[in-house]
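Undergrad: Compact mmCIF, C-alpha atoms and all ligand atoms, file run.txt:
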```
# COMPACT_ATOMS: atom_id res chain seq x y z
CA MET A 1 166.19 -83.23 74.19
CA VAL A 2 166.11 -86.00 76.81
CA LYS A 3 167.42 -88.29 74.10
CA GLU A 4 170.45 -86.05 73.42
CA LEU A 5 171.22 -85.72 77.12
CA ILE A 6 171.06 -89.47 77.67
CA GLU A 7 173.19 -90.05 74.57
CA ASN A 8 175.82 -87.70 75.96
CA ALA A 9 175.82 -89.62 79.24
CA LEU A 10 176.23 -92.91 77.36
CA ASP A 11 179.04 -91.42 75.28
CA ALA A 12 180.71 -90.51 78.57
CA GLY A 13 180.68 -94.18 79.57
CA ALA A 14 178.01 -93.82 82.25
CA ARG A 15 176.79 -96.92 84.07
CA ARG A 16 174.04 -95.15 85.98
CA ILE A 17 171.79 -92.56 84.43
CA GLU A 18 169.05 -90.83 86.36
CA ILE A 19 166.40 -88.78 84.68
CA ALA A 20 163.86 -86.59 86.44
CA THR A 21 161.26 -84.41 84.84
CA ALA A 22 158.53 -82.01 85.86
CA GLY A 23 155.73 -80.65 83.73
CA GLY A 24 156.41 -83.17 80.99
CA GLY A 25 159.94 -81.78 80.75
CA LYS A 26 158.77 -78.21 80.18
CA ASN A 27 159.51 -77.11 83.74
CA LEU A 28 162.48 -79.37 84.38
CA ILE A 29 164.60 -82.05 82.81
CA ARG A 30 167.42 -83.33 84.96
CA VAL A 31 169.85 -85.96 83.74
CA SER A 32 172.69 -87.11 85.93
CA ASP A 33 175.31 -89.70 85.15
CA ASP A 34 178.41 -91.30 86.59
CA GLY A 35 180.43 -90.98 83.39
CA CYS A 36 183.85 -89.47 82.76
CA GLY A 37 182.68 -85.91 83.40
CA ILE A 38 183.89 -82.68 81.81
CA PRO A 39 187.10 -80.98 82.94
CA ALA A 40 186.46 -77.44 84.27
CA GLY A 41 188.43 -75.91 81.40
CA GLU A 42 186.20 -77.64 78.84
CA LEU A 43 182.87 -76.59 80.34
CA PRO A 44 182.71 -73.38 78.29
CA LEU A 45 183.43 -75.43 75.15
CA ALA A 46 180.66 -77.92 75.89
CA ILE A 47 178.06 -75.20 75.48
CA ARG A 48 179.61 -73.57 72.44
CA ARG A 49 178.16 -74.38 69.03
CA HIS A 50 179.92 -77.02 66.92
CA CYS A 51 182.29 -77.78 69.72
CA THR A 52 182.50 -81.47 70.25
CA SER A 53 185.09 -83.56 72.03
CA LYS A 54 184.16 -86.52 69.85
CA LEU A 55 185.67 -86.03 66.41
CA GLY A 56 188.90 -87.94 66.77
CA GLY A 57 188.82 -90.44 63.93
CA GLY A 58 186.88 -88.72 61.17
CA LEU A 59 183.17 -88.90 60.51
CA GLU A 60 183.01 -92.50 59.40
CA ALA A 61 184.82 -93.79 62.45
CA ILE A 62 182.30 -92.35 64.83
CA ASP A 63 180.70 -94.74 67.22
CA THR A 64 179.48 -92.16 69.64
CA LEU A 65 175.78 -91.43 69.68
CA GLY A 66 175.71 -87.76 68.94
CA PHE A 67 178.55 -85.88 67.36
CA ARG A 68 177.27 -82.60 66.05
CA GLY A 69 178.25 -80.49 69.02
CA GLU A 70 174.80 -78.95 68.90
CA ALA A 71 172.71 -80.42 71.68
CA LEU A 72 173.93 -78.37 74.62
CA PRO A 73 174.24 -75.02 72.79
CA SER A 74 170.72 -75.40 71.35
CA ILE A 75 169.31 -76.21 74.77
CA GLY A 76 171.19 -73.27 76.28
CA SER A 77 169.66 -70.91 73.76
CA VAL A 78 166.03 -71.83 74.51
CA ALA A 79 166.07 -72.75 78.20
CA ARG A 80 167.93 -72.21 81.45
CA LEU A 81 170.71 -74.78 81.34
CA SER A 82 172.95 -75.71 84.21
CA LEU A 83 175.86 -78.08 83.84
CA LYS A 84 177.69 -79.50 86.82
CA SER A 85 180.49 -81.90 86.23
CA ARG A 86 183.44 -83.53 87.91
CA ALA A 87 185.93 -85.07 85.54
CA THR A 88 187.45 -88.38 86.57
CA GLY A 89 190.39 -87.63 88.84
CA ALA A 90 189.52 -83.95 89.28
CA ALA A 91 189.79 -82.56 92.80
CA GLU A 92 186.52 -80.71 92.58
CA ALA A 93 183.44 -80.25 90.44
CA HIS A 94 182.59 -77.16 88.44
CA GLU A 95 179.38 -75.63 87.25
CA ILE A 96 178.46 -73.49 84.30
CA ALA A 97 175.05 -72.01 83.57
CA VAL A 98 173.56 -70.68 80.34
CA ASP A 99 170.44 -68.61 79.99
CA GLY A 100 169.36 -67.20 76.65
CA GLY A 101 172.72 -68.25 75.25
CA ARG A 102 174.72 -66.28 77.84
CA PRO A 103 177.20 -68.36 79.85
CA ASP A 104 177.86 -67.82 83.53
CA GLY A 105 180.83 -69.60 85.09
CA PRO A 106 182.54 -71.99 85.40
CA ARG A 107 182.78 -71.90 89.16
CA PRO A 108 183.45 -74.61 91.74
CA THR A 109 180.47 -76.58 92.97
CA ALA A 110 179.71 -79.81 94.80
CA LEU A 111 179.24 -83.06 92.88
CA SER A 112 180.80 -86.38 93.75
CA LYS A 113 181.04 -87.86 90.25
CA GLY A 114 180.02 -87.52 86.63
CA THR A 115 177.76 -84.89 85.20
CA LEU A 116 174.45 -83.37 86.24
CA ILE A 117 172.54 -81.36 83.70
CA GLU A 118 169.41 -79.39 84.46
CA VAL A 119 167.19 -77.81 81.85
CA ARG A 120 164.56 -75.49 83.27
CA ASP A 121 161.78 -73.46 81.73
CA LEU A 122 162.08 -74.88 78.26
CA PHE A 123 161.35 -72.31 75.54
CA HIS A 124 160.80 -69.52 78.08
CA ALA A 125 162.81 -67.36 75.71
CA VAL A 126 160.79 -68.44 72.65
CA PRO A 127 157.16 -68.78 73.76
CA ALA A 128 156.07 -69.39 70.16
CA ARG A 129 157.79 -72.77 70.31
CA LEU A 130 156.07 -73.67 73.57
CA LYS A 131 152.81 -73.83 71.67
CA PHE A 132 154.11 -76.73 69.62
CA LEU A 133 154.63 -78.88 72.67
CA LYS A 134 151.91 -81.31 73.66
CA SER A 135 150.28 -81.53 77.07
CA ASP A 136 152.50 -82.23 80.09
CA ARG A 137 151.08 -85.70 80.16
CA ALA A 138 151.80 -86.42 76.50
CA GLU A 139 155.30 -84.95 76.67
CA GLY A 140 155.96 -86.97 79.83
CA ALA A 141 154.81 -90.14 78.07
CA ALA A 142 157.13 -89.37 75.16
CA ILE A 143 160.06 -89.06 77.57
CA THR A 144 159.20 -92.41 79.14
CA GLU A 145 159.08 -93.92 75.67
CA ILE A 146 162.53 -92.57 74.79
CA VAL A 147 164.01 -93.93 78.00
CA ARG A 148 162.48 -97.36 77.34
CA ARG A 149 163.85 -97.43 73.80
CA ILE A 150 167.35 -96.46 74.85
CA ALA A 151 167.27 -98.78 77.88
CA ILE A 152 166.80 -101.82 75.63
CA ALA A 153 169.99 -100.97 73.75
CA PHE A 154 172.09 -100.53 76.90
CA PRO A 155 171.29 -103.37 79.30
CA GLU A 156 174.53 -102.84 81.23
CA VAL A 157 173.48 -99.34 82.22
CA ARG A 158 171.10 -98.70 85.09
CA PHE A 159 168.35 -96.24 84.22
CA GLU A 160 166.11 -94.50 86.69
CA LEU A 161 163.31 -92.26 85.55
CA ALA A 162 161.41 -90.15 88.04
CA GLY A 163 158.21 -88.72 86.64
CA PRO A 164 155.41 -86.69 88.11
CA ASP A 165 153.60 -87.75 91.31
CA ARG A 166 156.65 -89.60 92.58
CA SER A 167 156.36 -92.20 89.83
CA ARG A 168 159.58 -94.06 89.33
CA THR A 169 160.77 -96.46 86.65
CA VAL A 170 163.98 -98.35 87.27
CA PHE A 171 165.80 -100.66 84.90
CA GLU A 172 168.55 -102.40 86.84
CA ALA A 173 171.80 -103.09 85.04
CA VAL A 174 172.21 -106.59 83.64
CA PRO A 175 175.13 -108.11 81.73
CA ARG A 176 174.93 -107.59 77.97
CA ALA A 177 174.58 -111.36 77.50
CA ASP A 178 171.38 -111.22 79.55
CA ARG A 179 169.89 -108.59 77.28
CA LEU A 180 166.57 -110.46 77.27
CA HIS A 181 166.12 -109.63 80.97
CA ARG A 182 166.32 -105.94 80.16
CA ILE A 183 163.94 -106.39 77.24
CA ASP A 184 161.49 -108.19 79.52
CA ALA A 185 161.82 -105.40 82.07
CA VAL A 186 160.89 -102.86 79.41
CA ILE A 187 158.26 -104.71 77.40
CA GLY A 188 156.75 -106.99 80.03
CA ALA A 189 157.99 -110.17 81.59
CA GLU A 190 156.24 -112.57 79.24
CA PHE A 191 157.82 -111.37 76.03
CA GLY A 192 160.93 -113.54 76.41
CA ASP A 193 158.79 -116.67 76.77
CA ASN A 194 156.80 -115.75 73.71
CA ALA A 195 159.51 -114.72 71.30
CA ILE A 196 161.88 -116.40 68.89
CA ALA A 197 165.53 -115.40 68.72
CA ILE A 198 166.57 -113.96 65.39
CA ASP A 199 170.13 -114.06 64.13
CA ALA A 200 170.80 -113.71 60.44
CA GLU A 201 173.21 -112.04 58.09
CA ARG A 202 173.16 -110.95 54.47
CA GLU A 203 176.04 -109.26 52.72
CA ALA A 204 177.61 -108.14 55.98
CA VAL A 205 174.34 -106.74 57.32
CA ARG A 206 173.48 -108.51 60.54
CA LEU A 207 170.08 -108.80 62.13
CA ALA A 208 169.76 -110.02 65.71
CA GLY A 209 167.12 -109.83 68.39
CA PHE A 210 163.73 -111.26 69.16
CA ALA A 211 160.51 -111.54 67.25
CA GLY A 212 157.34 -112.13 69.24
CA LEU A 213 155.23 -115.15 68.39
CA PRO A 214 152.30 -114.22 66.16
CA THR A 215 149.99 -115.25 68.99
CA PHE A 216 151.70 -112.76 71.32
CA ASN A 217 150.60 -109.64 69.52
CA ARG A 218 149.23 -106.24 70.37
CA GLY A 219 146.50 -103.91 69.25
CA ASN A 220 149.04 -101.14 68.68
CA GLY A 221 152.48 -100.90 67.19
CA LEU A 222 154.15 -99.45 70.28
CA ALA A 223 156.17 -102.52 71.13
CA GLN A 224 158.33 -102.54 68.01
CA PHE A 225 161.90 -101.61 68.75
CA PHE A 226 164.50 -101.18 66.04
CA TYR A 227 168.16 -100.30 66.51
CA VAL A 228 170.75 -99.49 63.90
CA ASN A 229 174.31 -99.88 65.12
CA GLY A 230 173.06 -99.61 68.67
CA ARG A 231 170.93 -96.53 68.35
CA PRO A 232 167.16 -96.54 68.52
CA VAL A 233 165.39 -95.63 65.31
CA ARG A 234 161.81 -95.46 64.25
CA ASP A 235 161.82 -95.86 60.53
CA LYS A 236 158.89 -96.47 58.17
CA MET A 237 160.71 -98.95 55.96
CA LEU A 238 161.81 -101.07 58.94
CA LEU A 239 158.32 -101.08 60.45
CA SER A 240 156.82 -101.99 57.11
CA ALA A 241 159.32 -104.83 56.66
CA LEU A 242 158.29 -106.16 60.07
CA ARG A 243 154.65 -106.00 59.04
CA GLY A 244 155.55 -107.86 55.85
CA ALA A 245 157.30 -110.59 57.82
CA TYR A 246 154.11 -111.25 59.79
CA ALA A 247 151.69 -110.70 56.90
CA ASP A 248 150.73 -114.38 56.65
CA VAL A 249 150.57 -115.14 60.35
CA LEU A 250 148.90 -112.11 61.90
CA ALA A 251 145.47 -110.60 61.50
CA LYS A 252 145.51 -107.21 59.80
CA ASP A 253 144.40 -105.26 62.87
CA ARG A 254 147.03 -106.80 65.14
CA HIS A 255 150.66 -105.71 65.56
CA PRO A 256 153.72 -107.85 66.22
CA ILE A 257 156.08 -107.25 69.14
CA ALA A 258 159.74 -107.25 68.21
CA VAL A 259 163.16 -106.03 69.27
CA LEU A 260 165.60 -106.05 66.39
CA PHE A 261 169.17 -104.87 66.14
CA LEU A 262 170.71 -104.18 62.75
CA SER A 263 174.49 -103.92 62.52
CA LEU A 264 176.22 -102.82 59.37
CA ASP A 265 179.10 -100.76 58.11
CA PRO A 266 178.32 -97.18 59.25
CA ALA A 267 179.27 -96.01 55.74
CA LEU A 268 176.22 -97.86 54.38
CA VAL A 269 173.68 -96.10 56.52
CA ASP A 270 172.90 -92.57 57.60
CA VAL A 271 171.09 -92.40 60.93
CA ASN A 272 171.63 -88.68 61.20
CA VAL A 273 169.41 -87.62 58.35
CA HIS A 274 167.84 -85.14 60.72
CA PRO A 275 168.94 -84.84 64.33
CA ALA A 276 165.37 -84.58 65.61
CA LYS A 277 164.14 -87.59 63.69
CA ALA A 278 164.84 -91.24 63.99
CA ASP A 279 164.62 -91.97 60.26
CA VAL A 280 167.35 -93.92 58.60
CA ARG A 281 168.74 -93.84 55.09
CA PHE A 282 170.17 -97.18 53.99
CA ARG A 283 172.40 -97.42 50.96
CA ASP A 284 170.51 -100.60 50.06
CA PRO A 285 167.04 -100.57 51.66
CA GLY A 286 165.94 -103.61 49.64
CA LEU A 287 168.67 -105.71 51.16
CA VAL A 288 167.69 -104.70 54.70
CA ARG A 289 164.01 -105.27 54.02
CA GLY A 290 164.69 -108.70 52.53
CA LEU A 291 166.86 -109.62 55.49
CA ILE A 292 164.16 -108.72 58.01
CA VAL A 293 161.31 -110.44 56.18
CA GLY A 294 163.41 -113.48 55.30
CA ALA A 295 164.95 -113.97 58.74
CA ILE A 296 161.69 -113.74 60.64
CA ARG A 297 159.77 -115.96 58.23
CA GLN A 298 162.53 -118.54 58.33
CA ALA A 299 162.64 -118.46 62.14
CA PHE A 300 158.89 -119.06 62.23
CA ALA A 301 159.15 -121.84 59.68
CA GLU A 302 161.90 -123.51 61.71
CA ALA A 303 159.74 -123.23 64.81
CA GLY A 304 156.95 -124.99 62.92
CA LEU A 305 154.68 -121.95 62.75
CA ARG A 306 152.52 -121.80 59.68
CA SER A 307 149.90 -119.45 58.35
CA SER A 308 147.24 -121.44 60.17
CA THR A 309 148.20 -119.57 63.34
CA ALA A 310 147.09 -116.34 61.74
CA ASN A 311 143.98 -115.78 63.78
CA ALA A 312 144.86 -117.82 66.81
CA ALA A 313 145.07 -114.64 68.86
P1 LIG A 401 178.25 -83.68 71.05
O1 LIG A 401 177.64 -84.73 71.90
O2 LIG A 401 177.75 -83.74 69.65
O3 LIG A 401 179.75 -83.62 71.14
P2 LIG A 401 176.86 -81.88 72.75
O4 LIG A 401 176.41 -80.48 72.60
O5 LIG A 401 175.81 -82.91 72.98
O6 LIG A 401 177.73 -82.26 71.51
O7 LIG A 401 177.89 -81.93 73.93
C1 LIG A 401 179.05 -81.09 73.84
C2 LIG A 401 180.22 -81.70 74.58
O8 LIG A 401 179.97 -81.68 75.99
C3 LIG A 401 180.48 -83.15 74.26
O9 LIG A 401 181.33 -83.30 73.14
C4 LIG A 401 181.16 -83.66 75.52
O10 LIG A 401 182.55 -83.37 75.48
C5 LIG A 401 180.55 -82.81 76.60
N1 LIG A 401 179.46 -83.51 77.32
C6 LIG A 401 178.14 -83.28 77.19
N2 LIG A 401 177.42 -84.04 78.04
C7 LIG A 401 178.32 -84.78 78.72
C8 LIG A 401 178.21 -85.79 79.76
N3 LIG A 401 177.02 -86.17 80.24
N4 LIG A 401 179.36 -86.32 80.23
C9 LIG A 401 180.56 -85.94 79.74
N5 LIG A 401 180.73 -85.01 78.77
C10 LIG A 401 179.63 -84.44 78.27
MG MG A 402 175.66 -84.93 72.22
```
Using the file provided, produce a representation of the structure as structure tokens.
TA:
Amino acid sequence: MVKELIENALDAGARRIEIATAGGGKNLIRVSDDGCGIPAGELPLAIRRHCTSKLGGGLEAIDTLGFRGEALPSIGSVARLSLKSRATGAAEAHEIAVDGGRPDGPRPTALSKGTLIEVRDLFHAVPARLKFLKSDRAEGAAITEIVRRIAIAFPEVRFELAGPDRSRTVFEAVPRADRLHRIDAVIGAEFGDNAIAIDAEREAVRLAGFAGLPTFNRGNGLAQFFYVNGRPVRDKMLLSALRGAYADVLAKDRHPIAVLFLSLDPALVDVNVHPAKADVRFRDPGLVRGLIVGAIRQAFAEAGLRSSTANAA
């Protein structure tokens, strides 16, 4: 849910996105952005099912992050949703609310710029679904994780996440060319000094990013970030390819740290297999796997790293 709201803000061209949550998101999720906003007349459409403002050039031409026109209506049907927005150039902001699927508004409200969305009392209308949520703490941690993953892909956007107990995580905007600064901010400042740049291409599939040195490893696999055409994914095949790339240089119980961006023709990949999942379906998974394993191994070989470093950590 936080993911969809942040994706909408990014689609709207936001440069600043602020996220606040309470109760692990169950009591409140608030996402505000400084993007293009929604004109008052379109507010009722934004919360209507299968209404999207993003289907200009046909499915294959889509470079927006979410395009199903489902996020806001689904949220509005299971929570109290409030949408305030001021479209660029509009004289005033407007607000629309939805509770149990019933819209209320739009009416004028105060907001200087962009869009502010509040989701309260998640699943209050469907308590059975509440039971499937984890503890506040675990849900809160999952939200932090989503923000970190997205933040790596959008270094030029400033992210601020306010969690419980006044905790605050801020990723300041940096130029796209300084992407490594953002990665360091997310993963930890030493990653950049302990990683090798990856840049390889096979049959018009490009792989770029950073692979941590085998010696700079972790006991868990939480610092492995994959992106396909700019959107964060967590896909078994990609993670297994990464593992394969390090097989000769890393002890079995250790995990590599990596941030890898795959770019390819959107027609050759389906990242929307299921909206709630981050799995990917590649037309040619073998090609992608080979590219990842080959590029990382070659980068290590060029850096003079051999299997003898395997247990150096
Ligand atoms: P989708 O993103 O698939 O179009 P959503 O339900 O997520 O569908 O959003 C519906 C519509 O509401 C979007 O197409 C967009 O026009 C508008 N919208 C939603 N969030 C924002 C936002 N943060 N800024 C500007 N417009 C937004
Ligand atoms: Mg969306």
Undergrad: With all atoms listed in the file as the counted atoms, please give the residues lying no more than 6 Å from segment 76-91 of chain A, apart from itself and same-chain residues fewer than 2 positions off, as a PyMOL selection string.
TA: chain A and resi 36-39+73-74+93-101+113-123+125
Undergrad: My list of candidates is A:Gly244, A:Gly13, A:Pro127, A:Pro232. Which is closest to Asp33 of chain A when distances are computed with all atoms listed in the file?
TA: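 So, comparing all the options, the nearest one is A:Gly13.
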Undergrad: Residues of chain A that approach ligand LIG 401 (chain A) to 7 Å or less, counting all atoms listed in the file: could you list each one with the shortest pair of atoms and its distance in Å to one decimal, rows by chain and increasing residue number, as JSON lines?
TA:
```
{"residue": "A:Glu4", "atom": "CA", "partner": "A:LIG401", "partner_atom": "O5", "distance": 6.2}
{"residue": "A:Leu5", "atom": "CA", "partner": "A:LIG401", "partner_atom": "N2", "distance": 6.5}
{"residue": "A:Asn8", "atom": "CA", "partner": "A:LIG401", "partner_atom": "N2", "distance": 4.5}
{"residue": "A:Ala9", "atom": "CA", "partner": "A:LIG401", "partner_atom": "N3", "distance": 3.8}
{"residue": "A:Ala12", "atom": "CA", "partner": "A:LIG401", "partner_atom": "N4", "distance": 4.7}
{"residue": "A:Asp33", "atom": "CA", "partner": "A:LIG401", "partner_atom": "N3", "distance": 6.3}
{"residue": "A:Gly35", "atom": "CA", "partner": "A:LIG401", "partner_atom": "N4", "distance": 5.7}
{"residue": "A:Cys36", "atom": "CA", "partner": "A:LIG401", "partner_atom": "C9", "distance": 5.7}
{"residue": "A:Gly37", "atom": "CA", "partner": "A:LIG401", "partner_atom": "C9", "distance": 4.2}
{"residue": "A:Ile38", "atom": "CA", "partner": "A:LIG401", "partner_atom": "N5", "distance": 5.0}
{"residue": "A:Ala46", "atom": "CA", "partner": "A:LIG401", "partner_atom": "O8", "distance": 3.8}
{"residue": "A:Ile47", "atom": "CA", "partner": "A:LIG401", "partner_atom": "C1", "distance": 6.2}
{"residue": "A:Cys51", "atom": "CA", "partner": "A:LIG401", "partner_atom": "C1", "distance": 6.2}
{"residue": "A:Thr52", "atom": "CA", "partner": "A:LIG401", "partner_atom": "O3", "distance": 3.6}
{"residue": "A:Ser53", "atom": "CA", "partner": "A:LIG401", "partner_atom": "O9", "distance": 3.9}
{"residue": "A:Lys54", "atom": "CA", "partner": "A:LIG401", "partner_atom": "O9", "distance": 5.4}
{"residue": "A:Gly66", "atom": "CA", "partner": "A:LIG401", "partner_atom": "O2", "distance": 4.6}
{"residue": "A:Phe67", "atom": "CA", "partner": "A:LIG401", "partner_atom": "O2", "distance": 3.2}
{"residue": "A:Arg68", "atom": "CA", "partner": "A:LIG401", "partner_atom": "O2", "distance": 3.8}
{"residue": "A:Gly69", "atom": "CA", "partner": "A:LIG401", "partner_atom": "O6", "distance": 3.1}
{"residue": "A:Glu70", "atom": "CA", "partner": "A:LIG401", "partner_atom": "O4", "distance": 4.3}
{"residue": "A:Ala71", "atom": "CA", "partner": "A:LIG401", "partner_atom": "O4", "distance": 3.8}
{"residue": "A:Leu72", "atom": "CA", "partner": "A:LIG401", "partner_atom": "O4", "distance": 3.8}
{"residue": "A:Pro73", "atom": "CA", "partner": "A:LIG401", "partner_atom": "O4", "distance": 5.9}
{"residue": "A:Gly114", "atom": "CA", "partner": "A:LIG401", "partner_atom": "N4", "distance": 6.5}
{"residue": "A:Thr115", "atom": "CA", "partner": "A:LIG401", "partner_atom": "N3", "distance": 5.2}
```
Undergrad: Env of Asp235 of chain A: 9 Å cut, atoms = only C-alpha atoms, seq-sep filter 3 positions within chain, self excluded. Answer as a PyMOL selection string.
TA: chain A and resi 226+238-240+278-280
Undergrad: Of the candidates A:Ile257, A:Ala200, A:Ile187, A:Val249, which shows the shortest atom-to-atom distance to Phe216 of chain A, using all atoms listed in the file?
TA: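 Between A:Ile257, A:Ala200, A:Ile187, A:Val249, the residue approaching Phe216 of chain A most closely is A:Ile257.
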